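Okay, work_32.pdb now, which holds PDB, C-alpha atoms:
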```pdb
ATOM      1  CA  MET A 708      11.567 -18.069   3.472  1.00  0.00           C
ATOM      2  CA  HIS A 709      13.927 -15.151   4.032  1.00  0.00           C
ATOM      3  CA  ASN A 710      14.295 -14.836   0.248  1.00  0.00           C
ATOM      4  CA  LEU A 711      10.594 -14.014  -0.021  1.00  0.00           C
ATOM      5  CA  LYS A 712      11.010 -11.253   2.583  1.00  0.00           C
ATOM      6  CA  THR A 713      13.972  -9.684   0.769  1.00  0.00           C
ATOM      7  CA  MET A 714      12.113  -9.798  -2.551  1.00  0.00           C
ATOM      8  CA  PHE A 715       9.110  -8.099  -0.944  1.00  0.00           C
ATOM      9  CA  ASP A 716      11.346  -5.416   0.581  1.00  0.00           C
ATOM     10  CA  LYS A 717      12.911  -4.655  -2.804  1.00  0.00           C
ATOM     11  CA  ILE A 718       9.545  -4.480  -4.549  1.00  0.00           C
ATOM     12  CA  PHE A 719       8.063  -2.355  -1.771  1.00  0.00           C
ATOM     13  CA  ASP A 720      10.972   0.112  -1.948  1.00  0.00           C
ATOM     14  CA  ILE A 721      10.400   0.502  -5.692  1.00  0.00           C
ATOM     15  CA  HIS A 722       6.687   0.937  -5.053  1.00  0.00           C
ATOM     16  CA  LYS A 723       7.362   3.658  -2.461  1.00  0.00           C
ATOM     17  CA  GLN A 724       9.567   5.545  -4.920  1.00  0.00           C
ATOM     18  CA  ILE A 725       6.901   5.456  -7.630  1.00  0.00           C
ATOM     19  CA  ASN A 726       3.869   6.122  -5.413  1.00  0.00           C
ATOM     20  CA  LYS A 727       5.182   8.387  -2.673  1.00  0.00           C
ATOM     21  CA  ASP A 728       1.813   9.617  -1.426  1.00  0.00           C
ATOM     22  CA  LEU A 729      -0.016   6.294  -1.407  1.00  0.00           C
ATOM     23  CA  ALA A 730       1.767   4.659   1.534  1.00  0.00           C
ATOM     24  CA  ASN A 731       1.726   6.003   5.078  1.00  0.00           C
ATOM     25  CA  PHE A 732       4.612   5.859   7.563  1.00  0.00           C
ATOM     26  CA  LYS A 733       3.713   2.301   8.595  1.00  0.00           C
ATOM     27  CA  GLY A 734       3.882   1.119   4.995  1.00  0.00           C
ATOM     28  CA  ASN A 735       0.165   0.607   4.613  1.00  0.00           C
ATOM     29  CA  ILE A 736      -1.366   1.624   1.317  1.00  0.00           C
ATOM     30  CA  LEU A 737      -4.076   4.216   1.810  1.00  0.00           C
ATOM     31  CA  ARG A 738      -7.383   3.769   0.085  1.00  0.00           C
ATOM     32  CA  HIS A 739     -10.275   6.119  -0.322  1.00  0.00           C
ATOM     33  CA  GLU A 740     -13.305   4.189   0.770  1.00  0.00           C
ATOM     34  CA  VAL A 741     -16.676   5.121  -0.587  1.00  0.00           C
ATOM     35  CA  VAL A 742     -19.474   5.000   1.933  1.00  0.00           C
ATOM     36  CA  GLN A 743     -22.431   3.405   0.252  1.00  0.00           C
ATOM     37  CA  GLN A 744     -25.744   5.180   0.543  1.00  0.00           C
ATOM     38  CA  PHE A 745     -28.886   3.140   1.002  1.00  0.00           C
ATOM     39  CA  SER A 746     -32.015   4.434  -0.618  1.00  0.00           C
ATOM     40  CA  ASN A 747     -35.204   4.303   1.403  1.00  0.00           C
TER
END
```
Give the structure from the file, written as structure tokens.
Amino acid sequence: MHNLKTMFDKIFDIHKQINKDLANFKGNILRHEVVQQFSN
């Protein structure tokens, strides 16, 4: 199981280098949510 964690850490480090602005300081990937409008 620890192998899975180390693989994730390596992939996540590469991801952070490529997409610097997409992850916050906690490591969560930010998304821009669209608020749906309901028509009346």
One decimal, in Å: what's the spacing between atom CA of Ile725 of chain A and atom CA of Arg738 of chain A?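 Distance between the two atoms: 16.3 Å.
The coordinates place atom CA of Phe732 of chain A at 16.9 Å from atom CA of Lys717 of chain A.
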Distance atom CA of Phe715 of chain A-atom CA of Val741 of chain A, one decimal place?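 Computing it gives 29.0 Å between the two atoms.
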